[in-house]
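Here's the structure we're looking at; comments come further down.
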Amino acid sequence: MLGVYRLTLKETITKKIFLTFFVLSTIFIILIIFALNVKVGGVDSKILLDFFGQNINGDREGNLFDPKEILGYVQTGIAIAVFFISIFFSLFATAGIFPNFLKKGSVDLILSKPISREKIFLERFFGAITIVGINIFYTVILSWIVLSIKFEIWNYKFLFAGLIIFMFFCTLFSLLSLVSMLTRSTVISLLIVYFVIFILSPILAGVQRFTIIEGTIYQSVVKIVYLVLPKISETVVLIKDVVMSDNYSIAPILSSFIIGIIAVLASIGIFKRMDF
Amino acid sequence: MNVIEAKDLTKHYSGKVKALDKFSIEVEKGKVFSLLGPNGAGKTTFIKLMLSIVKPTSGAATILGSNINDPLSRKKIGYLSENHVFPDYLNAEQILFYYGMMANVAKSDIKKRIPVLLSKVKLSDKKNIKIKKFSKGMLQRLGTAQALINDPEIIFLDEPTDGIDPIGRIEIREILNELRNEGKTIFINSHLLSEVERISDEIAILKDGKLIKRGKLENFINDTGSYRIKLVGSKNDLIEEYARSKNIEVNFEKGYYKLGSNDLTQLNKLIDELRSNEIMISEISPIKETLEDYFIKIIGEN
Ligand SMILES: Nc1ncnc2c1ncn2[C@@H]1O[C@H](COP(=O)(O)OP(=O)(O)OP(=O)(O)O)[C@@H](O)[C@H]1O
Ligand SMILES: [Mg+2]
């Protein structure tokens with residue numbers, strides 16, 4: 001019963017990288033608990049911050065801070081840090097999930113069990129994203145609780161930002177899985193996905209915005225490739241907007257997520273036809 | 001009842017490797033069936049096809065009556081693959097646990113079976129050692145235990161005694177005999193013909209993906225109709241003279257006289273003759289063709 005899922009959890013937990021992430025998150029949260037003091041008060045309920053014993057009472061012109069705004073900045077900072085860490089390190093830590101699994105000799109024994117290949121793939125897939133999800137939500141939820149208590153402002157949209165981060169990771173992991181199915185190599189898959197998200201996607205986003213390339217064919221090719229790739233720069237903007245304002249569109253994460261689902265379906269299709 | 005049935009099973013790997021070519025076979029319940037053949041004959045490919053580890057190019061097969069495309073056809077199957085690799089961060093007990101879970105065995109049943117299986121394969125005292133510290137033979141035993149975790153009806157073993165020392169081989173043979181006595185069907189791929197000869201009921205020989213011979217073990221290890229005699233001391237002309245006078249073919253090879261007769265009256269007369277001349281006989285026995293002899297002959301012919 002869910003043997004592949006359990007084995008995948010066990011395998012990922014054995015890797016020290018997730019444990020390290022967990023410990024670092026915890027240290028970070030403990031730091032906020034003890035080092036950050038917020039006093040709401042003064043004129044117009046403005047804010048007095050005390051961080052590591054440093055009093056920060058206002059900007060240089062002597063205006064006091066708006067607590068809501070400050071909280072927004074702090075939470076945006078945390079969300080974006082978690083976003084990049086989860087993309088970079090979590091992808092790194094999960095890159096071997098399929099290539100190692102597909103090795104002759106080890107996959108044979110699992111395929112001989114009475115489970116369909118779809119189920120094997122999905123159990124493996126969800127096993128990997130479960131661990132990453134736990135890491136992301138652990139950091140997001142705990143820091144949210146601590147900050148909310150300190151600021152006395154409960155900004156629920158920060159939790160939504162956590163969900164967006166997780167969905168974006170799932171999308172990337174889907175692409176990684178698809179590339180792994182095709183190449184069966186951890187290193188090559190990881191390089192391809194890093195290239196796509198950190199180089200190709202931002203470049204295309206820029207090209208899109210400024211329409212550097214004129215001419216209908218190039219433009220439409222760029223547009224299609226751009227639409228198909230996960231949108232990292234837009235997602236970063238979206239995370240900031242979700243935390244800071246009420247004005248945002250979830251289109252970038254939704255379109256990325258749909259691409260992710262397509263990648264999962266394609267990976268299953270390939271896996272079902274594979275010989276070992 | 002046939003628990004394994006394959007009809008015209010064919011596998012061409014990408015490229016042009018014809019690993020298996022229109023292979024048809026039936027295996028009866030409770031039998032020990034061995035598939036033999038030289039390296040690259042397609043033995044492993046056949047097992048992998050039956051377990052859906054590779055997909056057939058054409059043909060069809062059933063296990064316990066269900067089509068091999070149905071994952072549930074593997075519910076009552078145990079499999080020990082050649083060169084199997086287990087996750088090396090687990091210990092023996094954990095391996096059996098996780099592989100049992102994957103085989104959809106109830107947790108309580110797994111917990112009950114683990115100590116029984118570990119003692120069966122003589123790994124009880126090693127159950128808490130991480131398997132990355134295991135020797136090849138220990139891994140092979142663990143693989144055997146793993147193949148039995150779901151109390152299977154059919155056990156597919158691909159080179160089960162590979163890497164196991166002679167005593168370990170006897171132990172594995174004993175396990176297989178026990179399983180046979182419990183009515184399980186055992187399907188073995190092997191090169192070790194002397195092993196196969198000891199445990200198989202039926203045999204099929206595969207070469208270049210084609211079935212070239214199949215039948216009951218007895219049909220492969222016939223008496224040759226000859227006897228061999230060893231005398232104390234070196235060559236003795238008397239025996240040759242006697243054999244010629246009776247028109248029996250005789251050869252001297254590696255210290256033995258080989259006599260082309262199994263007529264017991266004649267052979268006893270020969271013994272009388274030798275004894276009356278005070279010649280000491282140290283051994284006399286019928287010459288049987290071994291599976292190895294047969295195998296080499298038939299592979300050469302094809
Ligand atoms: N995954 C694969 N891709 C391509 N060709 C393969 C693959 N697996 C096996 N073959 C080829 O198929 C043929 C049959 O191989 P198979 O492993 O079934 O032989 P075997 O009888 O088990 O041999 P051995 O006794 O060495 O284990 C060989 O020519 C082999 O090279
Ligand atoms: Mg083989």
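Convention: chains lettered A, B, ... in structure tokens order; per-chain residue numbering from 1; ligands numbered from 1 as shown.
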- Could you please select, counting only C-alpha atoms, the residues of chain B within 7 Å of chain A and state them as a PyMOL selection string? chain B and resi 51+53-55+71-72+74-75+79+81+83-86+98+101-104
Could the residues in this selection be written to a file with N, CA and C atoms, as a short mmCIF file (atom, residue, chain, number, x, y, z; two decimals), in the first residue's frame?
data_model
loop_
_atom_site.label_atom_id
_atom_site.label_comp_id
_atom_site.auth_asym_id
_atom_site.auth_seq_id
_atom_site.Cartn_x
_atom_site.Cartn_y
_atom_site.Cartn_z
N LEU B 51 6.69 -10.15 -16.91
CA LEU B 51 6.43 -9.26 -15.78
C LEU B 51 6.24 -7.82 -16.22
N ILE B 53 8.18 -5.81 -17.64
CA ILE B 53 9.32 -4.91 -17.45
C ILE B 53 9.78 -4.43 -18.83
N VAL B 54 9.61 -5.28 -19.83
CA VAL B 54 9.71 -4.81 -21.22
C VAL B 54 8.39 -5.18 -21.90
N LYS B 55 8.07 -4.42 -22.95
CA LYS B 55 6.78 -4.62 -23.62
C LYS B 55 6.99 -5.45 -24.88
N PRO B 71 -1.81 -5.29 -14.33
CA PRO B 71 -0.87 -5.32 -13.19
C PRO B 71 -1.23 -6.40 -12.17
N LEU B 72 -2.54 -6.72 -12.07
CA LEU B 72 -2.93 -7.71 -11.07
C LEU B 72 -2.44 -9.12 -11.41
N ARG B 74 0.39 -9.79 -11.63
CA ARG B 74 1.64 -9.93 -10.86
C ARG B 74 1.41 -10.04 -9.36
N LYS B 75 0.12 -10.16 -8.99
CA LYS B 75 -0.19 -10.17 -7.55
C LYS B 75 0.45 -11.35 -6.83
N TYR B 79 9.77 -12.38 -7.76
CA TYR B 79 10.77 -12.22 -8.82
C TYR B 79 12.13 -11.88 -8.23
N SER B 81 15.52 -10.74 -9.82
CA SER B 81 16.10 -10.38 -11.10
C SER B 81 17.60 -10.64 -11.08
N ASN B 83 21.30 -9.44 -11.29
CA ASN B 83 21.94 -8.17 -10.92
C ASN B 83 20.96 -7.18 -10.30
N HIS B 84 20.18 -7.64 -9.33
CA HIS B 84 19.23 -6.71 -8.71
C HIS B 84 19.96 -5.72 -7.82
N VAL B 85 19.39 -4.54 -7.72
CA VAL B 85 19.99 -3.49 -6.89
C VAL B 85 18.91 -3.00 -5.92
N PHE B 86 19.21 -3.09 -4.63
CA PHE B 86 18.29 -2.56 -3.62
C PHE B 86 18.80 -1.21 -3.15
N TYR B 98 9.59 -2.58 2.82
CA TYR B 98 9.16 -1.70 1.72
C TYR B 98 8.75 -2.48 0.47
N MET B 101 5.37 -3.80 1.04
CA MET B 101 4.36 -2.76 0.87
C MET B 101 4.08 -2.52 -0.61
N MET B 102 5.15 -2.53 -1.41
CA MET B 102 4.96 -2.31 -2.84
C MET B 102 4.17 -3.45 -3.47
N ALA B 103 4.32 -4.65 -2.89
CA ALA B 103 3.60 -5.80 -3.43
C ALA B 103 2.18 -5.87 -2.88
N ASN B 104 1.77 -4.80 -2.19
CA ASN B 104 0.41 -4.73 -1.65
C ASN B 104 0.12 -5.80 -0.59
#
- Enumerate as a VMD selection string the residues within 12 Å of ligand 2, counting only C-alpha atoms and all ligand atoms. (chain A and resid 105) or (chain B and resid 19 35 to 48 80 to 84 157 to 160 162 188 to 191 206 209)
- as number ranges by chain, list the residues of segment 143-203 of chain B assigned to alpha helix (DSSP H) by DSSP on the backbone atoms of this structure. B: 143-147, 166-181, 193-199
I need the chosen residues saved as a short mmCIF file (atom, residue, chain, number, x, y, z; two decimals), in the first residue's frame, with N, CA, C and O atoms.
data_model
loop_
_atom_site.label_atom_id
_atom_site.label_comp_id
_atom_site.auth_asym_id
_atom_site.auth_seq_id
_atom_site.Cartn_x
_atom_site.Cartn_y
_atom_site.Cartn_z
N GLY B 143 17.61 -11.08 -1.90
CA GLY B 143 16.78 -11.02 -3.10
C GLY B 143 15.78 -12.19 -3.13
O GLY B 143 14.62 -12.02 -3.50
N THR B 144 16.25 -13.35 -2.71
CA THR B 144 15.38 -14.52 -2.67
C THR B 144 14.26 -14.31 -1.65
O THR B 144 13.09 -14.58 -1.92
N ALA B 145 14.62 -13.80 -0.47
CA ALA B 145 13.61 -13.54 0.57
C ALA B 145 12.60 -12.52 0.05
O ALA B 145 11.39 -12.67 0.24
N GLN B 146 13.10 -11.50 -0.62
CA GLN B 146 12.23 -10.46 -1.16
C GLN B 146 11.23 -11.03 -2.15
O GLN B 146 10.07 -10.62 -2.18
N ALA B 147 11.69 -12.01 -2.94
CA ALA B 147 10.80 -12.61 -3.94
C ALA B 147 9.67 -13.41 -3.29
O ALA B 147 8.69 -13.73 -3.93
N PRO B 166 29.14 -22.82 -2.69
CA PRO B 166 28.51 -24.14 -2.82
C PRO B 166 27.53 -24.47 -1.70
O PRO B 166 26.47 -25.05 -1.95
N ILE B 167 27.86 -24.06 -0.47
CA ILE B 167 26.94 -24.38 0.63
C ILE B 167 25.66 -23.56 0.49
O ILE B 167 24.55 -24.05 0.65
N GLY B 168 25.85 -22.30 0.12
CA GLY B 168 24.69 -21.44 -0.12
C GLY B 168 23.80 -21.99 -1.22
O GLY B 168 22.57 -21.91 -1.15
N ARG B 169 24.42 -22.59 -2.23
CA ARG B 169 23.64 -23.16 -3.33
C ARG B 169 22.77 -24.30 -2.85
O ARG B 169 21.62 -24.43 -3.24
N ILE B 170 23.36 -25.12 -1.98
CA ILE B 170 22.57 -26.23 -1.45
C ILE B 170 21.39 -25.67 -0.67
O ILE B 170 20.27 -26.15 -0.77
N GLU B 171 21.66 -24.60 0.09
CA GLU B 171 20.58 -24.01 0.88
C GLU B 171 19.46 -23.47 -0.01
O GLU B 171 18.29 -23.66 0.26
N ILE B 172 19.88 -22.82 -1.10
CA ILE B 172 18.86 -22.29 -2.02
C ILE B 172 18.07 -23.43 -2.66
O ILE B 172 16.86 -23.37 -2.80
N ARG B 173 18.79 -24.49 -2.99
CA ARG B 173 18.11 -25.66 -3.57
C ARG B 173 17.09 -26.20 -2.57
O ARG B 173 15.98 -26.56 -2.95
N GLU B 174 17.48 -26.21 -1.29
CA GLU B 174 16.54 -26.70 -0.28
C GLU B 174 15.30 -25.81 -0.20
O GLU B 174 14.18 -26.30 -0.08
N ILE B 175 15.53 -24.50 -0.27
CA ILE B 175 14.39 -23.58 -0.24
C ILE B 175 13.47 -23.86 -1.43
O ILE B 175 12.25 -23.94 -1.29
N LEU B 176 14.07 -24.04 -2.60
CA LEU B 176 13.26 -24.30 -3.79
C LEU B 176 12.48 -25.61 -3.65
O LEU B 176 11.31 -25.68 -4.04
N ASN B 177 13.14 -26.62 -3.07
CA ASN B 177 12.42 -27.89 -2.87
C ASN B 177 11.24 -27.71 -1.93
O ASN B 177 10.17 -28.25 -2.17
N GLU B 178 11.46 -26.95 -0.85
CA GLU B 178 10.35 -26.66 0.08
C GLU B 178 9.20 -26.00 -0.66
O GLU B 178 8.03 -26.36 -0.47
N LEU B 179 9.54 -25.01 -1.49
CA LEU B 179 8.50 -24.28 -2.22
C LEU B 179 7.75 -25.21 -3.15
O LEU B 179 6.54 -25.16 -3.27
N ARG B 180 8.51 -26.11 -3.79
CA ARG B 180 7.87 -27.05 -4.68
C ARG B 180 6.90 -27.95 -3.90
O ARG B 180 5.78 -28.20 -4.32
N ASN B 181 7.34 -28.36 -2.72
CA ASN B 181 6.47 -29.20 -1.90
C ASN B 181 5.21 -28.46 -1.46
O ASN B 181 4.19 -29.07 -1.19
N LEU B 193 24.10 -25.91 -15.24
CA LEU B 193 23.33 -27.06 -15.66
C LEU B 193 23.28 -28.15 -14.59
O LEU B 193 22.29 -28.84 -14.46
N SER B 194 24.35 -28.25 -13.82
CA SER B 194 24.33 -29.31 -12.79
C SER B 194 23.29 -28.96 -11.72
O SER B 194 22.66 -29.85 -11.14
N GLU B 195 23.11 -27.67 -11.47
CA GLU B 195 22.08 -27.24 -10.53
C GLU B 195 20.69 -27.56 -11.09
O GLU B 195 19.84 -28.14 -10.40
N VAL B 196 20.51 -27.16 -12.33
CA VAL B 196 19.22 -27.34 -13.00
C VAL B 196 18.83 -28.81 -13.00
O VAL B 196 17.69 -29.18 -12.73
N GLU B 197 19.83 -29.65 -13.29
CA GLU B 197 19.59 -31.08 -13.36
C GLU B 197 19.03 -31.62 -12.05
O GLU B 197 18.25 -32.55 -12.03
N ARG B 198 19.44 -31.01 -10.96
CA ARG B 198 19.02 -31.53 -9.65
C ARG B 198 17.60 -31.15 -9.28
O ARG B 198 16.98 -31.83 -8.48
N ILE B 199 17.10 -30.02 -9.80
CA ILE B 199 15.80 -29.59 -9.30
C ILE B 199 14.68 -29.49 -10.33
O ILE B 199 13.52 -29.42 -9.95
#
- For Ala93 of chain A, list every protein, DNA or RNA residue within 10 Å, evaluated using only C-alpha atoms, and leave out those in the same chain fewer than 2 positions away; present the list as a PyMOL selection string. chain A and resi 12+15-18+86-91+95-97+128+132
- Task: Write out as a PyMOL selection string each polymer residue whose atoms come within 9 Å of Trp144 of chain A, counting only C-alpha atoms; drop sequence neighbours fewer than 3 positions from it.
- Result: chain A and resi 75+139-141+147-149+154-156+158-159
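As for atom CA of Glu153 of chain B and atom CA of Leu49 of chain B, they are spaced 18.1 Å apart.
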Just the residues within 10 Å of Ser124 of chain B, please, counting only C-alpha atoms, with nothing from its chain fewer than 3 positions along; format it as a short mmCIF file (atom, residue, chain, number, x, y, z; two decimals) with C-alpha atoms, in the first residue's frame.
data_model
loop_
_atom_site.label_atom_id
_atom_site.label_comp_id
_atom_site.auth_asym_id
_atom_site.auth_seq_id
_atom_site.Cartn_x
_atom_site.Cartn_y
_atom_site.Cartn_z
CA ALA B 92 17.60 -6.20 5.26
CA GLU B 93 14.50 -5.91 7.41
CA ILE B 114 9.97 -10.90 7.79
CA PRO B 115 11.54 -12.99 10.59
CA VAL B 116 10.47 -16.25 8.93
CA LEU B 117 12.00 -15.28 5.59
CA LEU B 118 15.16 -13.88 7.14
CA SER B 119 15.77 -17.11 8.97
CA LYS B 120 14.95 -19.10 5.83
CA VAL B 121 17.74 -17.34 3.94
CA LYS B 127 18.85 -7.95 9.65
CA ASN B 128 19.94 -4.59 11.06
#
- Do you have the atom CA of Ile25 of chain B-atom CA of Lys7 of chain B distance handy? 6.8 Å
- All residues 6 Å or closer to segment 132-137 of chain B, only C-alpha atoms, same chain fewer than 2 positions away omitted, as a count of residues only: 6
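Each of A:Val146, A:Ile85, A:Ile131, A:Ile253 was compared to Ile29 of chain A using only C-alpha atoms, and A:Val146 turns out to be the nearest.
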